[in-house]
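Here's entry_38.txt, which has compact mmCIF, C-alpha atoms:
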```txt
# COMPACT_ATOMS: atom_id res chain seq x y z
CA MET B 1 76.28 95.34 94.39
CA ALA B 2 79.26 93.97 92.45
CA VAL B 3 78.60 90.28 93.12
CA PRO B 4 74.96 90.34 91.89
CA ALA B 5 76.11 92.42 88.90
CA ALA B 6 78.69 89.76 88.02
CA ALA B 7 76.02 87.06 88.31
CA ALA B 8 73.71 89.14 86.11
CA VAL B 9 76.21 89.61 83.26
CA ILE B 10 76.87 85.86 83.27
CA ALA B 11 73.15 85.03 83.30
CA LEU B 12 72.46 87.48 80.47
CA GLY B 13 75.23 85.99 78.34
CA ALA B 14 77.39 89.12 78.28
CA ILE B 15 80.25 86.87 79.36
CA SER B 16 80.42 83.09 79.32
CA PRO B 17 80.92 81.16 82.57
CA GLU B 18 84.24 79.89 81.18
CA ASN B 19 85.52 83.43 80.52
CA ALA B 20 84.27 84.60 83.91
CA LEU B 21 86.14 81.76 85.61
CA ALA B 22 89.25 82.55 83.58
CA GLU B 23 89.08 86.20 84.68
CA ALA B 24 88.67 85.16 88.32
CA GLU B 25 91.68 82.85 88.01
CA ARG B 26 93.72 85.65 86.44
CA LEU B 27 92.90 87.97 89.34
CA GLY B 28 93.34 85.23 91.96
CA PRO B 29 97.04 85.89 92.76
CA VAL B 30 96.38 89.65 92.88
CA VAL B 31 93.47 89.22 95.30
CA GLY B 32 95.47 86.78 97.43
CA PHE B 33 98.32 89.25 97.62
CA LEU B 34 95.95 92.05 98.62
CA ALA B 35 94.53 89.92 101.45
CA ALA B 36 98.00 89.10 102.77
CA VAL B 37 99.13 92.75 102.72
CA LEU B 38 95.97 93.91 104.51
CA VAL B 39 96.60 91.34 107.24
CA LEU B 40 100.27 92.35 107.45
CA ALA B 41 99.39 96.04 107.80
CA HIS B 42 96.77 95.34 110.47
CA LEU B 43 99.17 93.23 112.51
CA CYS B 44 101.87 95.92 112.23
CA ASP B 45 99.32 98.22 113.85
CA VAL B 46 98.71 95.65 116.60
CA GLU B 47 102.46 95.52 117.21
CA GLY B 48 102.47 99.29 117.74
CA LEU B 49 104.13 100.39 114.52
CA PHE B 50 101.72 103.23 113.81
CA THR B 51 101.74 104.41 117.42
CA ALA B 52 105.52 104.70 117.12
CA CYS B 53 105.04 106.58 113.86
CA GLY B 54 102.83 109.14 115.59
CA ALA B 55 105.37 109.65 118.36
CA TRP B 56 108.14 110.07 115.77
CA MET B 57 106.13 112.69 113.87
CA ALA B 58 105.44 114.67 117.03
CA ARG B 59 109.11 114.67 118.03
CA ARG B 60 110.24 115.51 114.51
CA ALA B 61 107.80 118.43 114.23
CA ALA B 62 108.61 119.89 117.68
CA GLY B 63 105.42 121.95 117.67
CA ARG B 64 105.90 123.45 114.20
CA PRO B 65 103.09 122.76 111.69
CA ARG B 66 105.34 122.98 108.63
CA ARG B 67 107.72 120.39 110.01
CA LEU B 68 104.75 118.18 110.84
CA LEU B 69 103.62 118.38 107.20
CA THR B 70 107.11 117.34 106.11
CA ALA B 71 107.07 114.42 108.54
CA VAL B 72 103.62 113.33 107.33
CA PHE B 73 104.78 113.45 103.70
CA VAL B 74 107.83 111.32 104.48
CA LEU B 75 105.97 108.80 106.59
CA ALA B 76 102.87 108.54 104.38
CA SER B 77 105.06 108.06 101.30
CA VAL B 78 106.98 105.20 102.92
CA VAL B 79 103.91 103.53 104.42
CA THR B 80 102.01 103.75 101.14
CA ALA B 81 104.90 102.34 99.12
CA VAL B 82 105.72 99.49 101.51
CA LEU B 83 102.42 98.54 103.19
CA SER B 84 100.03 99.75 100.44
CA LEU B 85 97.74 102.75 100.29
CA ASP B 86 95.10 101.09 102.48
CA ALA B 87 97.48 101.24 105.45
CA THR B 88 97.92 104.98 104.94
CA VAL B 89 94.19 105.64 104.73
CA VAL B 90 92.91 103.34 107.46
CA LEU B 91 95.81 103.19 109.92
CA LEU B 92 97.98 106.27 109.45
CA THR B 93 95.23 108.89 109.00
CA PRO B 94 93.86 108.42 112.58
CA VAL B 95 97.43 108.65 113.88
CA VAL B 96 97.91 111.95 112.04
CA PHE B 97 94.67 113.26 113.57
CA ALA B 98 95.90 112.33 117.04
CA THR B 99 99.35 113.83 116.46
CA ALA B 100 97.92 117.16 115.24
CA ALA B 101 95.61 117.30 118.28
CA ARG B 102 98.53 116.50 120.58
CA MET B 103 100.49 119.39 119.09
CA GLY B 104 97.52 121.77 119.06
CA VAL B 105 97.75 122.51 115.31
CA ARG B 106 95.20 122.37 112.51
CA SER B 107 94.83 118.87 111.16
CA LYS B 108 93.49 119.67 107.68
CA PRO B 109 96.77 119.98 105.69
CA HIS B 110 98.21 116.84 107.25
CA VAL B 111 95.05 114.76 106.83
CA TYR B 112 94.62 115.89 103.23
CA ALA B 113 98.24 114.82 102.66
CA CYS B 114 97.28 111.27 103.69
CA ALA B 115 94.53 111.24 101.05
CA HIS B 116 96.72 112.53 98.23
CA LEU B 117 99.76 110.42 99.10
CA SER B 118 97.68 107.26 99.34
CA ASN B 119 97.35 107.70 95.56
CA THR B 120 100.49 109.56 94.46
CA ALA B 121 102.98 107.72 96.67
CA SER B 122 101.69 104.33 95.55
CA LEU B 123 103.69 104.55 92.31
CA LEU B 124 106.95 103.07 93.57
CA LEU B 125 106.57 99.31 94.06
CA PRO B 126 104.43 96.72 92.30
CA VAL B 127 102.95 95.92 95.73
CA SER B 128 102.00 99.47 96.72
CA ASN B 129 98.56 99.45 95.12
CA LEU B 130 96.10 96.99 93.60
CA THR B 131 96.34 98.93 90.33
CA ASN B 132 100.12 98.42 90.40
CA LEU B 133 99.73 94.67 90.74
CA LEU B 134 97.41 94.55 87.73
CA ALA B 135 99.79 96.69 85.66
CA PHE B 136 102.84 94.76 86.90
CA THR B 137 101.35 91.49 85.72
CA ALA B 138 100.74 92.91 82.23
CA SER B 139 104.04 94.81 81.93
CA GLY B 140 106.34 91.80 81.85
CA LEU B 141 108.81 93.63 84.10
CA SER B 142 110.69 92.19 87.06
CA PHE B 143 110.07 93.59 90.55
CA THR B 144 113.38 95.46 90.58
CA ARG B 145 113.05 96.85 87.05
CA PHE B 146 109.51 98.09 87.73
CA THR B 147 110.79 99.84 90.87
CA ALA B 148 113.79 101.32 89.06
CA LEU B 149 111.59 102.76 86.31
CA MET B 150 109.07 104.23 88.75
CA ALA B 151 111.56 105.63 91.30
CA LEU B 152 112.12 108.94 89.50
CA PRO B 153 108.41 109.58 88.75
CA TRP B 154 107.67 108.74 92.40
CA VAL B 155 110.17 111.29 93.73
CA VAL B 156 109.10 113.96 91.23
CA ALA B 157 105.38 113.52 91.94
CA ILE B 158 105.75 113.63 95.72
CA SER B 159 108.08 116.65 95.60
CA ILE B 160 105.68 118.69 93.46
CA GLU B 161 102.74 117.62 95.60
CA TYR B 162 104.60 118.85 98.69
CA ALA B 163 105.34 122.24 97.10
CA VAL B 164 101.68 122.71 96.13
CA PHE B 165 100.51 121.74 99.62
CA ARG B 166 102.86 124.27 101.24
CA ARG B 167 101.38 127.02 99.07
CA PHE B 168 97.72 125.93 99.21
CA PHE B 169 97.64 125.49 102.99
CA ALA B 170 99.93 128.44 103.84
CA ALA B 171 97.32 129.93 106.17
CA ASP B 172 97.01 126.63 108.06
CA LEU B 173 100.78 126.28 108.47
CA PRO B 174 101.86 129.31 110.48
CA ALA B 175 105.44 129.68 111.59
CA ALA B 176 105.87 128.69 115.22
CA GLU B 177 108.60 128.49 117.79
CA PRO B 178 109.96 124.99 118.40
CA VAL B 179 108.44 123.21 121.39
CA ALA B 180 110.17 120.28 123.04
CA ASP B 181 108.06 117.12 123.02
CA THR B 182 107.89 115.84 126.60
CA GLY B 183 105.99 112.68 125.78
CA PRO B 184 107.52 109.25 126.25
CA ALA B 185 110.02 108.08 123.69
CA PRO B 186 108.42 105.76 121.16
CA GLU B 187 109.05 102.05 121.56
CA VAL B 188 110.26 100.81 118.20
CA PRO B 189 108.50 97.56 117.18
CA LEU B 190 111.61 95.82 115.87
CA PHE B 191 109.86 92.53 115.10
CA ALA B 192 107.31 94.24 112.86
CA LEU B 193 109.99 96.28 111.09
CA LEU B 194 112.17 93.21 110.55
CA THR B 195 109.24 91.19 109.21
CA VAL B 196 108.29 93.94 106.76
CA ALA B 197 111.91 94.26 105.60
CA CYS B 198 112.17 90.49 105.06
CA THR B 199 108.86 90.50 103.18
CA LEU B 200 110.14 93.22 100.84
CA ALA B 201 113.31 91.22 100.26
CA GLY B 202 111.08 88.22 99.58
CA PHE B 203 109.29 90.16 96.84
CA VAL B 204 112.60 90.82 95.08
CA VAL B 205 113.78 87.21 95.38
CA ALA B 206 110.41 85.80 94.30
CA SER B 207 110.36 88.02 91.23
CA ALA B 208 113.91 86.99 90.31
CA VAL B 209 113.04 83.28 90.38
CA GLY B 210 109.62 83.63 88.75
CA ILE B 211 107.45 83.11 91.84
CA GLU B 212 104.28 85.13 92.41
CA PRO B 213 104.77 87.87 95.08
CA VAL B 214 101.66 86.60 96.86
CA TRP B 215 103.77 83.84 98.47
CA ALA B 216 106.22 86.32 100.00
CA ALA B 217 103.33 88.44 101.29
CA LEU B 218 101.62 85.35 102.70
CA ALA B 219 104.80 84.32 104.50
CA GLY B 220 105.11 87.75 106.12
CA ALA B 221 101.45 87.76 107.15
CA LEU B 222 101.72 84.23 108.64
CA VAL B 223 104.81 85.17 110.68
CA MET B 224 103.09 88.26 112.08
CA ALA B 225 99.83 86.39 112.71
CA GLY B 226 101.62 83.51 114.45
CA ARG B 227 103.34 85.89 116.86
CA ALA B 228 100.19 87.93 117.56
CA LEU B 229 98.05 84.83 118.13
CA ALA B 230 100.65 83.17 120.35
CA ARG B 231 100.81 86.30 122.51
CA ARG B 232 97.00 86.60 122.44
CA ARG B 233 97.18 90.13 121.10
CA VAL B 234 94.61 89.31 118.45
CA ARG B 235 91.89 86.70 117.92
CA PRO B 236 91.68 84.47 114.83
CA VAL B 237 88.43 86.11 113.73
CA ALA B 238 90.12 89.52 113.79
CA VAL B 239 92.88 88.23 111.50
CA VAL B 240 90.28 86.98 109.03
CA ARG B 241 88.36 90.25 109.16
CA SER B 242 91.54 92.27 108.56
CA ALA B 243 91.81 90.53 105.17
CA ALA B 244 88.54 92.28 104.17
CA PRO B 245 86.76 89.29 102.54
CA GLY B 246 83.94 91.50 101.29
CA PHE B 247 86.37 93.80 99.50
CA LEU B 248 88.17 90.82 97.95
CA ALA B 249 84.85 89.51 96.62
CA PHE B 250 84.15 92.99 95.24
CA VAL B 251 87.46 93.01 93.34
CA LEU B 252 86.81 89.61 91.76
CA ALA B 253 83.23 90.50 90.83
CA LEU B 254 84.26 93.88 89.45
CA GLY B 255 86.86 92.17 87.28
CA ILE B 256 84.17 89.95 85.76
CA VAL B 257 81.82 92.89 85.13
CA VAL B 258 84.57 94.97 83.51
CA ARG B 259 85.64 92.02 81.34
CA ALA B 260 82.03 91.68 80.13
CA VAL B 261 81.81 95.39 79.30
CA VAL B 262 85.18 95.37 77.55
CA ASP B 263 84.26 92.32 75.46
CA ASN B 264 80.99 93.94 74.40
CA GLY B 265 82.29 97.14 72.84
CA LEU B 266 84.18 99.26 75.34
CA ALA B 267 87.55 98.00 74.15
CA ASP B 268 86.77 98.99 70.57
CA ALA B 269 85.55 102.42 71.70
CA LEU B 270 88.70 103.12 73.74
CA ARG B 271 91.26 101.50 71.45
CA HIS B 272 91.56 104.65 69.33
CA ALA B 273 91.71 106.89 72.41
CA VAL B 274 94.84 105.25 73.83
CA PRO B 275 97.93 106.37 71.86
CA GLY B 276 100.32 103.69 70.70
CA GLY B 277 104.08 103.78 71.07
CA SER B 278 106.44 104.79 73.86
CA GLY B 279 107.37 108.32 72.78
CA LEU B 280 106.88 111.20 75.18
CA LEU B 281 103.68 112.48 73.52
CA ALA B 282 102.22 108.97 73.43
CA LEU B 283 102.98 108.47 77.13
CA LEU B 284 101.42 111.84 78.00
CA GLY B 285 98.31 110.94 76.00
CA ALA B 286 97.96 107.51 77.66
CA ALA B 287 98.35 109.02 81.14
CA ALA B 288 95.78 111.75 80.39
CA VAL B 289 93.21 109.24 79.12
CA ALA B 290 93.80 107.08 82.20
CA ALA B 291 93.41 110.04 84.58
CA VAL B 292 90.14 111.14 82.98
CA LEU B 293 88.71 107.61 82.93
CA ALA B 294 89.71 107.04 86.57
CA ASN B 295 87.66 110.05 87.64
CA LEU B 296 84.71 108.93 85.51
CA ILE B 297 84.50 105.27 86.52
CA ASN B 298 87.06 104.90 89.38
CA ASN B 299 90.69 103.91 88.95
CA LEU B 300 90.28 100.16 89.51
CA PRO B 301 87.87 99.60 86.60
CA ALA B 302 89.95 102.07 84.56
CA VAL B 303 93.14 100.03 84.95
CA LEU B 304 91.29 96.81 84.17
CA VAL B 305 90.05 98.39 80.93
CA LEU B 306 93.16 100.28 79.81
CA VAL B 307 96.08 98.00 80.67
CA PRO B 308 95.19 95.32 78.08
CA LEU B 309 94.86 98.08 75.46
CA ALA B 310 98.21 99.64 76.38
CA ALA B 311 100.19 96.40 76.80
CA PRO B 312 100.90 95.86 73.05
CA ALA B 313 102.78 99.20 73.00
CA GLY B 314 105.18 97.96 75.67
CA ALA B 315 105.94 98.41 79.35
CA GLY B 316 106.30 102.20 79.02
CA ALA B 317 102.69 102.61 77.88
CA VAL B 318 101.46 100.38 80.72
CA LEU B 319 103.39 102.46 83.28
CA ALA B 320 102.04 105.69 81.77
CA VAL B 321 98.50 104.36 82.27
CA LEU B 322 99.48 103.53 85.84
CA LEU B 323 100.63 107.12 86.43
CA GLY B 324 97.25 108.34 85.20
CA VAL B 325 95.15 106.00 87.34
CA ASN B 326 97.24 106.63 90.47
CA ILE B 327 97.74 110.40 90.29
CA GLY B 328 94.49 111.30 88.51
CA PRO B 329 92.16 110.19 91.36
CA ASN B 330 93.36 113.08 93.53
CA LEU B 331 91.01 115.26 91.47
CA THR B 332 87.68 113.85 92.76
CA TYR B 333 86.36 111.69 95.59
CA ALA B 334 85.15 109.07 93.11
CA GLY B 335 88.59 108.67 91.55
CA SER B 336 89.76 105.86 93.82
CA LEU B 337 88.41 103.57 96.51
CA ALA B 338 91.15 104.82 98.82
CA THR B 339 89.86 108.40 98.61
CA LEU B 340 86.30 107.30 99.33
CA LEU B 341 87.51 105.30 102.31
CA TRP B 342 89.59 108.27 103.50
CA ARG B 343 86.52 110.48 103.38
CA ARG B 344 84.66 108.05 105.64
CA VAL B 345 87.57 107.90 108.09
CA VAL B 346 87.71 111.71 108.25
CA ARG B 347 83.96 112.10 108.74
CA GLU B 348 84.02 109.61 111.62
CA ARG B 349 86.22 112.13 113.44
CA ALA B 350 83.83 115.02 112.78
CA GLU B 351 86.29 116.74 110.45
CA ARG B 352 84.61 118.83 107.77
CA VAL B 353 85.55 117.81 104.24
CA GLU B 354 84.35 120.19 101.52
CA VAL B 355 83.95 118.92 97.99
CA GLY B 356 84.89 122.31 96.55
CA GLU B 357 88.12 122.56 98.51
CA PHE B 358 89.12 118.99 97.70
CA THR B 359 88.48 119.60 94.00
CA ARG B 360 90.35 122.93 93.95
CA LEU B 361 93.36 121.25 95.51
CA GLY B 362 93.08 118.45 92.95
CA LEU B 363 92.92 120.90 90.05
CA LEU B 364 96.22 122.35 91.25
CA THR B 365 98.04 119.12 92.07
CA VAL B 366 96.95 116.65 89.38
CA PRO B 367 98.11 118.48 86.21
CA ALA B 368 101.19 119.90 87.98
CA THR B 369 102.14 116.41 89.17
CA LEU B 370 101.07 114.18 86.29
CA VAL B 371 102.92 115.88 83.43
CA PRO B 372 106.36 116.04 85.14
CA ALA B 373 105.89 112.46 86.40
CA VAL B 374 105.28 111.25 82.83
CA VAL B 375 108.34 113.17 81.64
CA ALA B 376 110.34 111.51 84.45
CA LEU B 377 109.03 108.11 83.33
CA TRP B 378 110.15 108.83 79.77
CA VAL B 379 113.62 109.76 81.05
CA SER B 380 113.74 106.55 83.12
CA LEU B 381 112.83 104.49 80.06
CA GLN B 382 115.79 106.00 78.20
CA VAL B 383 118.25 105.53 81.05
CA VAL B 384 117.34 102.42 83.05
```
Starting from the file, give its structure as structure tokens.
Amino acid sequence: MAVPAAAAVIALGAISPENALAEAERLGPVVGFLAAVLVLAHLCDVEGLFTACGAWMARRAAGRPRRLLTAVFVLASVVTAVLSLDATVVLLTPVVFATAARMGVRSKPHVYACAHLSNTASLLLPVSNLTNLLAFTASGLSFTRFTALMALPWVVAISIEYAVFRRFFAADLPAAEPVADTGPAPEVPLFALLTVACTLAGFVVASAVGIEPVWAALAGALVMAGRALARRRVRPVAVVRSAAPGFLAFVLALGIVVRAVVDNGLADALRHAVPGGSGLLALLGAAAVAAVLANLINNLPAVLVLVPLAAPAGAGAVLAVLLGVNIGPNLTYAGSLATLLWRRVVRERAERVEVGEFTRLGLLTVPATLVPAVVALWVSLQVV
């Protein structure tokens, strides 16, 4: 739907072909980075990284549901931050299902944690989420400074989310006696771990010397693809498919449609709704507007609309918008593409997902998480 819509707004004159091309060029590095990270995450799965993650969770939990929830929170937070939220939704969620079944415990709390952390835990790095990349480009921050500013909000948000989950799913997390896991010890995919670590280091170095992070991500993806193809663990067509060409086209087309809408009145309508400045109240207001808009029109269009409006107020305002569009989507299914994709993954495994329960959990977690996270951002802006 997005590609014909982009063609329609150009044909109707809502945006000129020159401006549409300029928008596509602006999003080009972001889309290229997304493709490389999707390939990298898929090939990490081929190397057995997520299978090892499942074995680690089972051993760490030792038959106790509460310890499994803790393990899922730790692992989902790291996977989301390093390999992006798509890896958590598409690759880790099935592993969590299998681990819960292997332990004989209810899967709901642990699977819901994957959905929430795919949004909340994506705050840390510029590369954790497509929304982060868009905000990172507009913020003018370096890779390391962005990470330093978002580290405290990331820890605060995940910690509060964990506390709410323990209370909300208390009936699904009964106390249990420890049970020794007799399964085989997980084989650690050292090559995949080393490649991911080198790719992260490449992001830092590239940012320091003014190079787009897409080149570091591409290098990591090419190394992993070369090894997998040489060992015939994957076919070339599978590598191309793992980059999700249809989704990449959707992102580019959506950017053009949003640019047309913004240029034809939406920017003026929202300009007065986004507070200016970097004071605590202004940051809270920007985050609240972003969270509401994300649930109304999805977080990707919301960040495309709001980041240019927040950028004149400085990096703090941009990061406050990012908190809103990343934490806010936990309120409704429509809030983010990751949540919609998670819902499909869950339904494929015949797990019942109730809209009412998801929304009730979101009503508890989103306000409780968003406000302290914004306060933590404000503290980071004063200290870092």
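For the residues B:Ala320, B:Leu149, B:Ala216, B:Val105, ranking by smallest atom-to-atom distance to Leu173 in chain B using all atoms listed in the file places B:Val105 first.
Once only C-alpha atoms are considered, the residues situated within 8 Å of the file point (97.0, 83.2, 97.2) turn out to be Gly28, Pro29, Val30, Val31, Gly32, Phe33, Val214, Trp215 and Leu218 of chain B.
Restricting the calculation to all atoms listed in the file, the smallest distance between Pro312 in chain B and any of B:Glu348, B:Gly140, B:Ala201, B:Ile158 is found for B:Gly140.
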Checklist line | Residues within 10 Å of Asn295 in chain B, all atoms listed in the file, excluding chain neighbours under 6 positions, as a PyMOL selection string | finding: chain B and resi 302+325+328-336
Checklist line | All residues 8 Å or closer to Leu280 in chain B, only C-alpha atoms, same chain fewer than 5 positions away omitted, as an MDAnalysis selection string | finding: chainID B and resid 374:375 378
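Distances here use all atoms listed in the file; by that measure, the residue among B:Phe250, B:Phe168, B:Trp56, B:Trp154 closest to Lys108 in chain B is B:Phe168.
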Next item on the list: To one decimal in Å, tell me the separation between CA of Ala290 in chain B and CA of Ala315 in chain B.
Entry: 15.2 Å
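If all atoms listed in the file are the atoms counted, then among B:Arg66, B:Arg26, B:Arg145, B:Arg344 the closest residue to Arg106 in chain B is B:Arg66.
Here CA of Val46 in chain B stands at a distance of 10.5 Å from CA of Leu91 in chain B.
If you measure from each of B:Val303, B:Val82, B:Val164, B:Ala208 to Leu363 in chain B using all atoms listed in the file, the closest one turns out to be B:Val164.
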Checklist line | Contact residues around Gly48 in chain B with all atoms listed in the file at 9 Å, ignoring same-chain residues under 3 positions, as number ranges by chain | finding: B: 43-45, 51-53, 187-189, 192
Using C-alpha atoms, can you write the selected residues to a file as an mmCIF file, in the frame of the given file?
```
data_model
loop_
_atom_site.group_PDB
_atom_site.id
_atom_site.type_symbol
_atom_site.label_atom_id
_atom_site.label_comp_id
_atom_site.auth_asym_id
_atom_site.auth_seq_id
_atom_site.Cartn_x
_atom_site.Cartn_y
_atom_site.Cartn_z
ATOM 1 C CA LEU B 43 99.170 93.230 112.510
ATOM 2 C CA CYS B 44 101.870 95.920 112.230
ATOM 3 C CA ASP B 45 99.320 98.220 113.850
ATOM 4 C CA THR B 51 101.740 104.410 117.420
ATOM 5 C CA ALA B 52 105.520 104.700 117.120
ATOM 6 C CA CYS B 53 105.040 106.580 113.860
ATOM 7 C CA GLU B 187 109.050 102.050 121.560
ATOM 8 C CA VAL B 188 110.260 100.810 118.200
ATOM 9 C CA PRO B 189 108.500 97.560 117.180
ATOM 10 C CA ALA B 192 107.310 94.240 112.860
#
```
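Take the candidates B:Ala238, B:Val383, B:Val346, B:Ala163 and check each one against Ala368 in chain B using only C-alpha atoms; the shortest distance goes to B:Ala163.
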Note to self: So that I can see what lies close to Pro153 in chain B, please list as a PyMOL selection string the residues with an atom at most 8 Å from it, counting all atoms listed in the file and leaving out residues fewer than 6 positions away in the same chain.
What the structure shows: chain B and resi 123+372-377
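Across the model, the gap from CA of Leu252 in chain B to CA of Glu25 in chain B is 9.1 Å.
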